$ cat work_26.cif   # mmCIF, C-alpha atoms
data_work
#
loop_
_atom_site.label_atom_id
_atom_site.label_comp_id
_atom_site.auth_asym_id
_atom_site.auth_seq_id
_atom_site.Cartn_x
_atom_site.Cartn_y
_atom_site.Cartn_z
CA MET A 1298 5.39 12.31 45.48
CA SER A 1299 3.53 9.36 43.92
CA GLU A 1300 6.47 7.04 44.77
CA LYS A 1301 6.37 8.19 48.41
CA ILE A 1302 2.63 7.53 48.58
CA LYS A 1303 3.10 4.06 47.08
CA LYS A 1304 5.82 3.34 49.65
CA ILE A 1305 3.55 4.42 52.50
CA PHE A 1306 0.71 2.18 51.33
CA LYS A 1307 3.08 -0.78 50.93
CA SER A 1308 4.18 -0.33 54.54
CA ILE A 1309 0.66 -0.66 55.97
CA GLY A 1310 -1.90 -3.40 55.91
CA PRO A 1311 -2.45 -5.62 58.99
CA GLY A 1312 -3.32 -2.65 61.21
CA PHE A 1313 -6.01 -1.50 58.81
CA ILE A 1314 -7.44 -5.02 58.65
CA ILE A 1315 -7.68 -5.07 62.45
CA ALA A 1316 -9.35 -1.64 62.44
CA SER A 1317 -11.94 -2.69 59.87
CA VAL A 1318 -12.79 -5.89 61.75
CA VAL A 1319 -13.21 -4.22 65.13
CA LEU A 1320 -15.14 -1.31 63.62
CA GLY A 1321 -18.21 -3.31 62.63
CA PRO A 1322 -21.88 -2.34 62.93
CA GLY A 1323 -21.87 -3.07 66.65
CA SER A 1324 -19.14 -0.49 67.22
CA ILE A 1325 -20.93 2.11 65.08
CA THR A 1326 -24.24 1.45 66.81
CA VAL A 1327 -22.73 1.53 70.31
CA ALA A 1328 -20.86 4.78 69.63
CA SER A 1329 -23.93 6.39 68.03
CA ARG A 1330 -26.29 5.41 70.83
CA ILE A 1331 -23.91 6.40 73.63
CA GLY A 1332 -23.29 9.77 71.99
CA SER A 1333 -27.01 10.37 71.53
CA GLN A 1334 -27.81 9.41 75.14
CA ASN A 1335 -24.82 10.73 77.06
CA GLY A 1336 -23.31 13.41 74.84
CA TYR A 1337 -19.52 13.62 75.06
CA ALA A 1338 -19.32 12.14 78.57
CA PHE A 1339 -17.61 8.81 77.84
CA LEU A 1340 -14.92 9.75 75.34
CA TRP A 1341 -12.30 8.96 78.00
CA VAL A 1342 -13.25 5.27 77.76
CA ILE A 1343 -12.19 5.21 74.10
CA VAL A 1344 -8.76 6.58 75.03
CA ILE A 1345 -8.15 3.97 77.75
CA ALA A 1346 -9.41 1.11 75.58
CA ALA A 1347 -7.32 2.29 72.60
CA ILE A 1348 -4.08 2.47 74.63
CA SER A 1349 -4.71 -1.03 76.02
CA MET A 1350 -5.55 -2.39 72.57
CA ALA A 1351 -2.46 -0.77 71.02
CA VAL A 1352 -0.17 -2.44 73.57
CA TYR A 1353 -1.70 -5.91 73.13
CA THR A 1354 -1.86 -5.65 69.33
CA SER A 1355 1.75 -4.50 69.13
CA MET A 1356 2.62 -7.55 71.25
CA GLY A 1357 1.05 -9.72 68.56
CA ALA A 1358 2.92 -7.85 65.81
CA ARG A 1359 6.23 -8.19 67.66
CA PHE A 1360 5.79 -11.95 67.97
CA GLY A 1361 4.82 -12.22 64.29
CA VAL A 1362 7.99 -10.62 62.91
CA LEU A 1363 10.26 -12.70 65.18
CA HIS A 1364 8.87 -16.15 64.48
CA ASP A 1365 7.81 -18.36 61.58
CA LYS A 1366 5.68 -20.56 63.84
CA SER A 1367 2.32 -19.23 64.99
CA ILE A 1368 1.76 -17.77 68.43
CA LEU A 1369 -0.61 -20.59 69.44
CA GLN A 1370 1.97 -23.16 68.33
CA SER A 1371 4.49 -21.40 70.57
CA ILE A 1372 2.00 -21.34 73.46
CA THR A 1373 1.39 -25.07 72.93
CA GLU A 1374 5.13 -25.86 73.09
CA THR A 1375 5.71 -23.59 76.09
CA TYR A 1376 2.61 -24.07 78.26
CA GLY A 1377 0.72 -27.04 76.78
CA ARG A 1378 -1.92 -27.75 74.17
CA TRP A 1379 -4.73 -27.23 76.69
CA PHE A 1380 -3.91 -23.51 76.94
CA ALA A 1381 -3.87 -23.04 73.16
CA VAL A 1382 -7.17 -24.93 72.85
CA LEU A 1383 -8.83 -22.72 75.47
CA ILE A 1384 -7.59 -19.57 73.70
CA GLY A 1385 -8.82 -20.94 70.37
CA ILE A 1386 -12.27 -21.68 71.83
CA SER A 1387 -12.40 -18.24 73.47
CA ALA A 1388 -11.52 -16.56 70.17
CA PHE A 1389 -14.13 -18.67 68.37
CA MET A 1390 -16.82 -17.63 70.87
CA ALA A 1391 -15.85 -13.95 70.70
CA ALA A 1392 -15.90 -14.04 66.89
CA SER A 1393 -19.31 -15.76 66.94
CA SER A 1394 -20.70 -13.03 69.19
CA PHE A 1395 -19.36 -10.39 66.82
CA GLN A 1396 -20.76 -12.31 63.87
CA PHE A 1397 -24.31 -12.10 65.17
CA GLY A 1398 -23.88 -8.33 65.38
CA ASN A 1399 -22.37 -8.18 61.87
CA ASN A 1400 -25.38 -9.96 60.39
CA LEU A 1401 -27.78 -7.70 62.26
CA GLY A 1402 -25.82 -4.70 60.95
CA ILE A 1403 -26.09 -5.87 57.36
CA GLY A 1404 -29.79 -6.42 57.88
CA ILE A 1405 -30.64 -3.00 59.31
CA GLY A 1406 -28.33 -1.29 56.83
CA MET A 1407 -29.98 -2.94 53.83
CA LYS A 1408 -33.42 -2.31 55.30
CA GLY A 1409 -32.50 1.38 55.49
CA ILE A 1410 -31.60 1.31 51.77
CA THR A 1411 -34.34 -0.94 50.38
CA GLY A 1412 -37.09 -1.14 53.02
CA ILE A 1413 -36.92 -4.96 52.83
CA ASP A 1414 -37.00 -6.89 56.14
CA GLU A 1415 -33.57 -7.09 57.81
CA ARG A 1416 -33.77 -10.87 58.31
CA VAL A 1417 -33.57 -11.50 54.55
CA TRP A 1418 -30.12 -9.98 54.02
CA PRO A 1419 -27.91 -12.33 56.09
CA LEU A 1420 -29.17 -15.11 53.78
CA ILE A 1421 -27.63 -13.19 50.86
CA PHE A 1422 -24.42 -11.74 52.29
CA THR A 1423 -23.24 -14.82 54.20
CA PRO A 1424 -23.11 -16.97 51.02
CA LEU A 1425 -21.19 -14.13 49.35
CA GLY A 1426 -18.69 -14.24 52.20
CA LEU A 1427 -18.36 -18.02 51.88
CA ILE A 1428 -17.70 -17.72 48.15
CA LEU A 1429 -14.96 -15.15 48.68
CA ILE A 1430 -13.29 -17.19 51.44
CA PHE A 1431 -13.23 -20.42 49.45
CA TRP A 1432 -12.39 -19.05 46.01
CA ALA A 1433 -10.01 -16.13 46.64
CA LYS A 1434 -6.50 -17.24 45.61
CA ASN A 1435 -4.68 -15.00 48.11
CA LEU A 1436 -7.25 -14.04 50.71
CA TYR A 1437 -4.86 -11.83 52.68
CA LYS A 1438 -4.13 -9.51 49.74
CA VAL A 1439 -7.83 -9.26 48.84
CA LEU A 1440 -8.81 -8.41 52.41
CA GLU A 1441 -5.97 -5.91 52.87
CA LYS A 1442 -7.08 -3.84 49.86
CA ILE A 1443 -10.79 -3.94 50.70
CA MET A 1444 -10.30 -3.00 54.37
CA MET A 1445 -7.93 -0.12 53.65
CA VAL A 1446 -10.51 1.48 51.36
CA MET A 1447 -13.36 0.92 53.85
CA VAL A 1448 -11.47 2.56 56.73
CA MET A 1449 -10.48 5.63 54.71
CA ILE A 1450 -14.05 6.14 53.44
CA MET A 1451 -15.47 6.03 56.97
CA ILE A 1452 -12.87 8.45 58.33
CA THR A 1453 -13.44 10.94 55.48
CA ALA A 1454 -17.23 10.95 55.89
CA PHE A 1455 -17.22 11.48 59.65
CA VAL A 1456 -14.45 14.10 59.63
CA PHE A 1457 -16.39 16.23 57.14
CA ASN A 1458 -19.62 15.74 59.03
CA LEU A 1459 -17.99 16.61 62.36
CA ALA A 1460 -16.78 19.91 60.90
CA LEU A 1461 -20.32 20.74 59.79
CA THR A 1462 -22.02 19.76 63.07
CA LYS A 1463 -19.69 22.08 65.05
CA PRO A 1464 -19.35 20.27 68.40
CA ASP A 1465 -18.63 22.19 71.61
CA PRO A 1466 -14.81 22.12 72.17
CA VAL A 1467 -15.12 22.89 75.91
CA SER A 1468 -17.46 19.93 76.47
CA ILE A 1469 -15.16 17.73 74.41
CA GLY A 1470 -12.18 18.71 76.54
CA LYS A 1471 -14.04 17.92 79.77
CA SER A 1472 -15.14 14.51 78.42
CA PHE A 1473 -11.61 13.13 78.55
CA VAL A 1474 -11.63 13.34 82.36
CA PRO A 1475 -13.86 10.76 84.15
CA LEU A 1476 -15.43 13.06 86.74
CA SER A 1477 -17.73 10.42 88.22
CA VAL A 1478 -18.26 6.72 87.49
CA SER A 1479 -20.92 4.55 89.11
CA ILE A 1480 -21.97 0.93 88.62
CA ASP A 1481 -24.92 2.23 86.59
CA HIS A 1482 -22.40 3.28 83.93
CA PHE A 1483 -20.83 -0.18 83.58
CA ASP A 1484 -23.12 -1.20 80.70
CA VAL A 1485 -21.97 1.84 78.74
CA ILE A 1486 -18.31 1.36 79.65
CA ALA A 1487 -18.36 -2.38 78.82
CA ALA A 1488 -19.96 -1.74 75.42
CA LEU A 1489 -17.52 1.08 74.60
CA VAL A 1490 -14.48 -0.92 75.70
CA ALA A 1491 -15.69 -3.76 73.48
CA THR A 1492 -15.74 -1.40 70.48
CA THR A 1493 -11.96 -1.07 70.72
CA PHE A 1494 -10.36 -3.61 73.08
CA VAL A 1495 -10.92 -6.80 71.05
CA LEU A 1496 -8.20 -9.28 71.88
CA HIS A 1497 -8.96 -12.08 69.46
CA CYS A 1498 -8.06 -9.44 66.86
CA ALA A 1499 -4.96 -8.41 68.82
CA ILE A 1500 -3.56 -11.95 68.95
CA TYR A 1501 -4.43 -12.46 65.28
CA GLN A 1502 -2.21 -9.50 64.40
CA SER A 1503 0.73 -11.94 64.69
CA TYR A 1504 -0.82 -14.07 61.92
CA LEU A 1505 -1.51 -11.07 59.69
CA VAL A 1506 2.08 -9.84 60.07
CA GLN A 1507 3.33 -13.30 59.10
CA ASP A 1508 0.96 -13.42 56.12
CA LYS A 1509 2.38 -10.02 55.10
CA LYS A 1510 5.82 -11.75 55.09
CA TRP A 1511 7.30 -9.21 57.51
CA LYS A 1512 10.42 -10.28 59.41
CA LEU A 1513 12.62 -8.77 62.15
CA GLY A 1514 13.85 -6.08 59.75
CA ASN A 1515 10.24 -4.91 59.43
CA LEU A 1516 9.73 -4.60 63.20
CA LYS A 1517 9.48 -0.79 63.20
CA ASN A 1518 7.07 -0.83 60.25
CA SER A 1519 4.89 -3.47 61.91
CA ILE A 1520 4.65 -1.45 65.13
CA LYS A 1521 3.90 1.78 63.23
CA ASP A 1522 1.24 -0.05 61.21
CA THR A 1523 -0.28 -1.45 64.40
CA TYR A 1524 -0.42 1.93 66.11
CA MET A 1525 -1.85 3.55 62.97
CA GLY A 1526 -4.59 0.91 62.73
CA ILE A 1527 -5.60 1.31 66.38
CA PHE A 1528 -5.44 5.09 66.03
CA MET A 1529 -7.77 4.93 63.01
CA LEU A 1530 -10.11 2.59 64.89
CA SER A 1531 -10.33 4.79 67.98
CA LEU A 1532 -10.53 7.95 65.86
CA ILE A 1533 -13.57 6.67 63.97
CA SER A 1534 -15.28 5.57 67.21
CA ALA A 1535 -14.57 8.98 68.76
CA LEU A 1536 -15.80 10.79 65.61
CA ILE A 1537 -19.06 8.85 65.71
CA ILE A 1538 -19.59 9.71 69.38
CA LEU A 1539 -18.76 13.37 68.69
CA THR A 1540 -21.12 13.66 65.71
CA SER A 1541 -23.89 11.81 67.53
CA ALA A 1542 -23.40 13.96 70.64
CA ALA A 1543 -23.42 17.18 68.58
CA ALA A 1544 -26.22 16.27 66.16
CA LEU A 1545 -28.59 14.04 68.17
CA HIS A 1546 -28.08 14.62 71.91
CA PRO A 1547 -29.20 18.30 71.93
CA LYS A 1548 -32.42 17.27 70.15
CA GLY A 1549 -33.14 14.46 72.59
CA ILE A 1550 -32.92 11.83 69.83
CA VAL A 1551 -31.93 8.38 71.12
CA VAL A 1552 -30.66 5.92 68.52
CA ASN A 1553 -33.13 3.06 67.99
CA SER A 1554 -32.69 2.43 64.27
CA ALA A 1555 -30.40 3.03 61.29
CA ALA A 1556 -32.58 6.01 60.41
CA ASP A 1557 -31.85 7.55 63.83
CA MET A 1558 -28.10 6.99 63.37
CA ALA A 1559 -28.25 8.47 59.88
CA GLN A 1560 -29.39 11.80 61.27
CA GLN A 1561 -25.74 12.36 62.28
CA LEU A 1562 -24.88 12.73 58.59
CA GLU A 1563 -27.68 15.09 57.62
CA ALA A 1564 -25.40 18.12 57.94
CA LEU A 1565 -23.21 16.68 55.20
CA PHE A 1566 -25.61 14.68 53.02
CA GLY A 1567 -29.04 16.15 53.70
CA GLY A 1568 -31.91 13.98 52.50
CA PHE A 1569 -29.48 11.31 51.27
CA ALA A 1570 -28.13 10.75 54.79
CA LYS A 1571 -30.17 7.61 55.50
CA ILE A 1572 -29.08 5.83 52.34
CA ILE A 1573 -25.44 6.89 52.68
CA PHE A 1574 -25.25 5.93 56.35
CA SER A 1575 -26.97 2.60 55.66
CA THR A 1576 -24.51 1.91 52.85
CA GLY A 1577 -21.58 2.66 55.16
CA LEU A 1578 -23.10 0.45 57.85
CA CYS A 1579 -23.39 -2.42 55.34
CA ALA A 1580 -19.80 -1.92 54.20
CA ALA A 1581 -18.56 -1.99 57.80
CA ALA A 1582 -20.70 -5.04 58.54
CA PHE A 1583 -19.60 -7.03 55.50
CA SER A 1584 -15.89 -6.26 55.95
CA SER A 1585 -16.09 -7.19 59.63
CA LEU A 1586 -18.21 -10.26 58.84
CA MET A 1587 -15.52 -11.53 56.48
CA VAL A 1588 -12.34 -11.09 58.51
CA ASN A 1589 -13.86 -11.66 61.95
CA SER A 1590 -14.97 -15.13 60.91
CA VAL A 1591 -11.53 -15.87 59.43
CA MET A 1592 -9.90 -14.87 62.73
CA GLY A 1593 -12.19 -16.97 64.90
CA GLY A 1594 -11.97 -20.00 62.62
CA GLY A 1595 -8.22 -19.73 62.18
CA LEU A 1596 -7.47 -19.37 65.90
CA LEU A 1597 -9.68 -22.34 66.83
CA ALA A 1598 -8.06 -24.53 64.15
CA ASP A 1599 -4.55 -23.51 65.22
CA GLY A 1600 -5.38 -23.99 68.90
CA LEU A 1601 -6.42 -27.55 68.07
CA GLY A 1602 -3.29 -28.06 65.96
CA LEU A 1603 -5.27 -28.41 62.72
CA GLY A 1604 -3.77 -25.60 60.64
CA ARG A 1605 -3.25 -21.86 60.93
CA SER A 1606 -3.39 -20.28 57.46
CA MET A 1607 -6.52 -18.61 56.09
CA ASN A 1608 -5.82 -20.60 52.93
CA GLU A 1609 -6.01 -24.04 54.63
CA LYS A 1610 -9.07 -26.33 54.69
CA ILE A 1611 -9.74 -26.76 58.43
CA PRO A 1612 -9.51 -23.04 59.26
CA LYS A 1613 -11.88 -22.38 56.35
CA PHE A 1614 -14.25 -25.04 57.75
CA PHE A 1615 -14.37 -23.40 61.19
CA THR A 1616 -14.69 -20.01 59.49
CA SER A 1617 -17.74 -21.29 57.64
CA ILE A 1618 -19.31 -22.45 60.91
CA ILE A 1619 -18.97 -18.94 62.36
CA LEU A 1620 -20.45 -17.40 59.22
CA ILE A 1621 -23.41 -19.79 59.16
CA LEU A 1622 -23.97 -19.61 62.94
CA GLY A 1623 -24.11 -15.80 62.87
CA MET A 1624 -26.48 -15.91 59.91
CA VAL A 1625 -28.89 -18.41 61.49
CA ILE A 1626 -29.11 -16.56 64.81
CA ALA A 1627 -29.69 -13.24 63.06
CA VAL A 1628 -32.38 -14.65 60.77
CA PHE A 1629 -34.38 -16.16 63.63
CA PHE A 1630 -33.76 -13.31 66.07
CA ARG A 1631 -36.83 -11.49 67.38
CA GLY A 1632 -36.49 -8.38 69.48
CA ASN A 1633 -34.93 -4.93 69.63
CA VAL A 1634 -32.18 -5.01 66.98
CA ILE A 1635 -30.27 -1.98 68.28
CA TYR A 1636 -30.20 -3.33 71.84
CA ALA A 1637 -29.13 -6.76 70.52
CA LEU A 1638 -26.25 -5.16 68.60
CA ILE A 1639 -25.05 -3.43 71.75
CA MET A 1640 -25.30 -6.59 73.87
CA ALA A 1641 -23.55 -8.70 71.21
CA GLN A 1642 -20.75 -6.15 71.22
CA ALA A 1643 -20.47 -6.06 75.02
CA SER A 1644 -20.69 -9.84 75.46
CA SER A 1645 -17.60 -10.38 73.30
CA ILE A 1646 -15.42 -9.22 76.21
CA PHE A 1647 -16.06 -12.55 78.01
CA ALA A 1648 -13.26 -14.12 75.95
CA VAL A 1649 -10.74 -11.34 76.50
CA PRO A 1650 -9.07 -12.26 79.85
CA LEU A 1651 -7.86 -15.68 78.70
CA ILE A 1652 -6.45 -14.34 75.43
CA ALA A 1653 -4.81 -11.47 77.33
CA ALA A 1654 -3.16 -13.97 79.68
CA GLY A 1655 -1.76 -15.98 76.75
CA LEU A 1656 -0.36 -12.90 75.02
CA PHE A 1657 1.10 -11.55 78.25
CA LEU A 1658 2.82 -14.80 79.23
CA ILE A 1659 4.37 -15.59 75.83
CA LEU A 1660 5.55 -11.99 75.26
CA ASN A 1661 7.28 -12.02 78.65
CA ASN A 1662 8.96 -15.37 78.08
CA LYS A 1663 12.70 -14.77 77.66
CA LYS A 1664 13.28 -18.06 75.80
CA VAL A 1665 10.61 -17.17 73.23
CA MET A 1666 11.10 -13.42 72.83
CA GLY A 1667 14.69 -12.80 73.95
CA LYS A 1668 15.51 -9.10 74.11
CA HIS A 1669 12.20 -8.27 72.41
CA ARG A 1670 10.05 -9.30 75.37
CA ASN A 1671 7.81 -6.71 77.05
CA ASN A 1672 9.38 -3.80 78.88
CA LYS A 1673 8.08 -2.33 82.17
CA ILE A 1674 5.85 0.27 80.53
CA GLN A 1675 4.24 -2.29 78.23
CA ASN A 1676 3.65 -4.66 81.13
CA THR A 1677 2.17 -1.90 83.30
CA ILE A 1678 -0.35 -0.94 80.60
CA ALA A 1679 -1.06 -4.60 79.79
CA ILE A 1680 -1.78 -5.41 83.44
CA PHE A 1681 -4.01 -2.33 83.76
CA GLY A 1682 -5.94 -3.40 80.64
CA PHE A 1683 -6.27 -6.94 82.01
CA ILE A 1684 -7.65 -5.66 85.34
CA LEU A 1685 -10.07 -3.32 83.57
CA ILE A 1686 -11.45 -6.01 81.31
CA SER A 1687 -11.64 -8.55 84.17
CA ILE A 1688 -13.79 -6.14 86.23
CA LEU A 1689 -16.11 -5.61 83.26
CA VAL A 1690 -16.31 -9.36 82.59
CA TYR A 1691 -17.24 -9.98 86.23
CA TYR A 1692 -19.93 -7.32 85.99
CA MET A 1693 -21.33 -8.71 82.71
CA TYR A 1694 -21.25 -12.27 84.09
CA HIS A 1695 -23.09 -11.20 87.24
CA LYS A 1696 -25.66 -9.36 85.14
CA LEU A 1697 -26.13 -12.40 82.87
CA ILE A 1698 -26.67 -14.75 85.82
CA THR A 1699 -29.13 -12.29 87.38
CA SER A 1700 -31.05 -12.02 84.11
CA ILE A 1701 -31.25 -15.82 83.75
CA GLY A 1702 -32.47 -16.09 87.35
CA THR A 1703 -35.40 -13.75 86.64
CA ILE A 1704 -36.65 -15.77 83.63
#
$ encode --input "work_26.cif" --output "structure tokens"
Amino acid sequence: MSEKIKKIFKSIGPGFIIASVVLGPGSITVASRIGSQNGYAFLWVIVIAAISMAVYTSMGARFGVLHDKSILQSITETYGRWFAVLIGISAFMAASSFQFGNNLGIGIGMKGITGIDERVWPLIFTPLGLILIFWAKNLYKVLEKIMMVMVMIMITAFVFNLALTKPDPVSIGKSFVPLSVSIDHFDVIAALVATTFVLHCAIYQSYLVQDKKWKLGNLKNSIKDTYMGIFMLSLISALIILTSAAALHPKGIVVNSAADMAQQLEALFGGFAKIIFSTGLCAAAFSSLMVNSVMGGGLLADGLGLGRSMNEKIPKFFTSIILILGMVIAVFFRGNVIYALIMAQASSIFAVPLIAAGLFLILNNKKVMGKHRNNKIQNTIAIFGFILISILVYYMYHKLITSIGTI
């Protein structure tokens, strides 16, 4: 039995890294707040976003096992450097948006544990991240082990808590059917989609698969790993919504702080819920802070033709910029932290359409992918996901312009 377990764990890795990056403090906060405000109503969004993310991430994995060159190098050779540069910049901006949320998450998590102001903690954790990035000998292996543990801990805690909170199965069943959707719901939908459908992570799956040294013979394993990672990601998001809907919504509690979110875990941990939840929030924030910055920095460097590996100098330099930028913004931020986390999460979808276009084009190119290019089902889902995210981006852009106009 122990040999079988070892074999299973050797066959996974990149998918869990993706799950741990996407499932940062913004995702936890968004899911908790939406569950507390709307109950089970928007669980269907998680399903749609997860299916779209699974298709795009598996596209990245499929490219990774077929080629030694990176996906942005292939896009450069096929469509021109300009396209790769734009994708790199888009990924950098999306990662920077996430990074602001990660730093805020570390801050409110540590404040929940220690009572010390949240703006102090990014000044401590960001240097720790920089040290790990620059001094780890094999960063991929370090990250793979850390992220796998983080994901399993989060799943275990919320599964146990869900069993104790006893959600209503009838209401859960109804929540997977979108009975009515209005433009007033677009903020909620955009934020929830952004908790799962994160395409700078999807395209980076190709790099993680290559760093894992998987080749064509590992294609089935890479796809299984991808689907398992996205399943874990969407499961945790759904569990958080379910526990928040069952524990907070009936009491009329709306999430405005880590202490509010921690009330979800009181059924399991009682008076220790705040500290335990805050610790989990910090763990999610730090793991996401680390790998998210590596992804954004690596994709920008590769788009510019300046290196692709997380062990090279220029990608590490751009990674450092993301880390420091997220830290500085979080330290000087003044305002509602929970609302800022949600907006940082939702705003990351601005970069998605361009990355989606790059993935779609290269995975449908017969010269590049041969018989492993997308099939009709994959293309149908990919196009649906692209249309969905484009509508949300248009809405968020319109809202941003309107907000600027009222200042």
$ atom_distance --input "work_26.cif" --atom1 "atom CA of Leu1459 of chain A" --atom2 "atom CA of Ile1527 of chain A"
20.1 Å
$ residues_around --input "work_26.cif" --residues "Gln1396 of chain A" --least-positions-apart "6" --cutoff "7 Å" --atoms "only C-alpha atoms" --output "number ranges by chain"
A: 1586, 1620, 1623
$ resolve_selection --input "work_26.cif" --expression "the PyMOL selection byres ((chain A and resi 1595) around 12)" --output "MDAnalysis selection string"
chainID A and resid 1367:1369 1382 1384:1386 1388:1389 1392 1497:1498 1500:1501 1504:1505 1588:1594 1596:1619
$ axis_aligned_box --input "work_26.cif" --around "segment 1568-1580 of chain A" --padding-each-side "6 Å" --output "JSON"
{"center_x": -25.9, "center_y": 5.8, "center_z": 54.6, "size_x": 24.1, "size_y": 28.4, "size_z": 18.6}
$ resolve_selection --input "work_26.cif" --expression "the PyMOL selection byres ((chain A and resi 1358-1363) around 6)" --output "MDAnalysis selection string"
chainID A and resid 1355:1357 1364 1502:1503 1506:1507 1511:1513
$ closest_residue --input "work_26.cif" --among "A:Ala1391, A:Leu1536, A:Ile1410, A:Ala1491" --to "Ile1652 of chain A" --atoms "all atoms listed in the file"
A:Ala1391
$ atom_distance --input "work_26.cif" --atom1 "atom CA of Arg1378 of chain A" --atom2 "atom CA of Ala1679 of chain A"
23.8 Å
$ closest_residue --input "work_26.cif" --among "A:Phe1566, A:Phe1483, A:Phe1397, A:Tyr1524" --to "Arg1416 of chain A" --atoms "all atoms listed in the file"
A:Phe1397
$ atom_distance --input "work_26.cif" --atom1 "atom CA of Trp1418 of chain A" --atom2 "atom CA of Gly1406 of chain A"
9.3 Å
$ residues_near_point --input "work_26.cif" --point "(-16.8, 1.8, 73.3)" --cutoff "7 Å" --atoms "all atoms listed in the file" --output "list in words"
Ser1324, Val1327, Ala1328, Val1342, Ile1343, Ile1486, Ala1488, Leu1489, Val1490, Ala1491, Thr1492 and Thr1493 of chain A
$ closest_residue --input "work_26.cif" --among "A:Ala1499, A:Ile1315, A:Ala1580, A:Ile1686" --to "Ile1345 of chain A" --atoms "only C-alpha atoms"
A:Ile1686
$ closest_residue --input "work_26.cif" --among "A:Thr1523, A:Asn1672, A:Ser1541, A:Ser1317" --to "Leu1578 of chain A" --atoms "all atoms listed in the file"
A:Ser1317
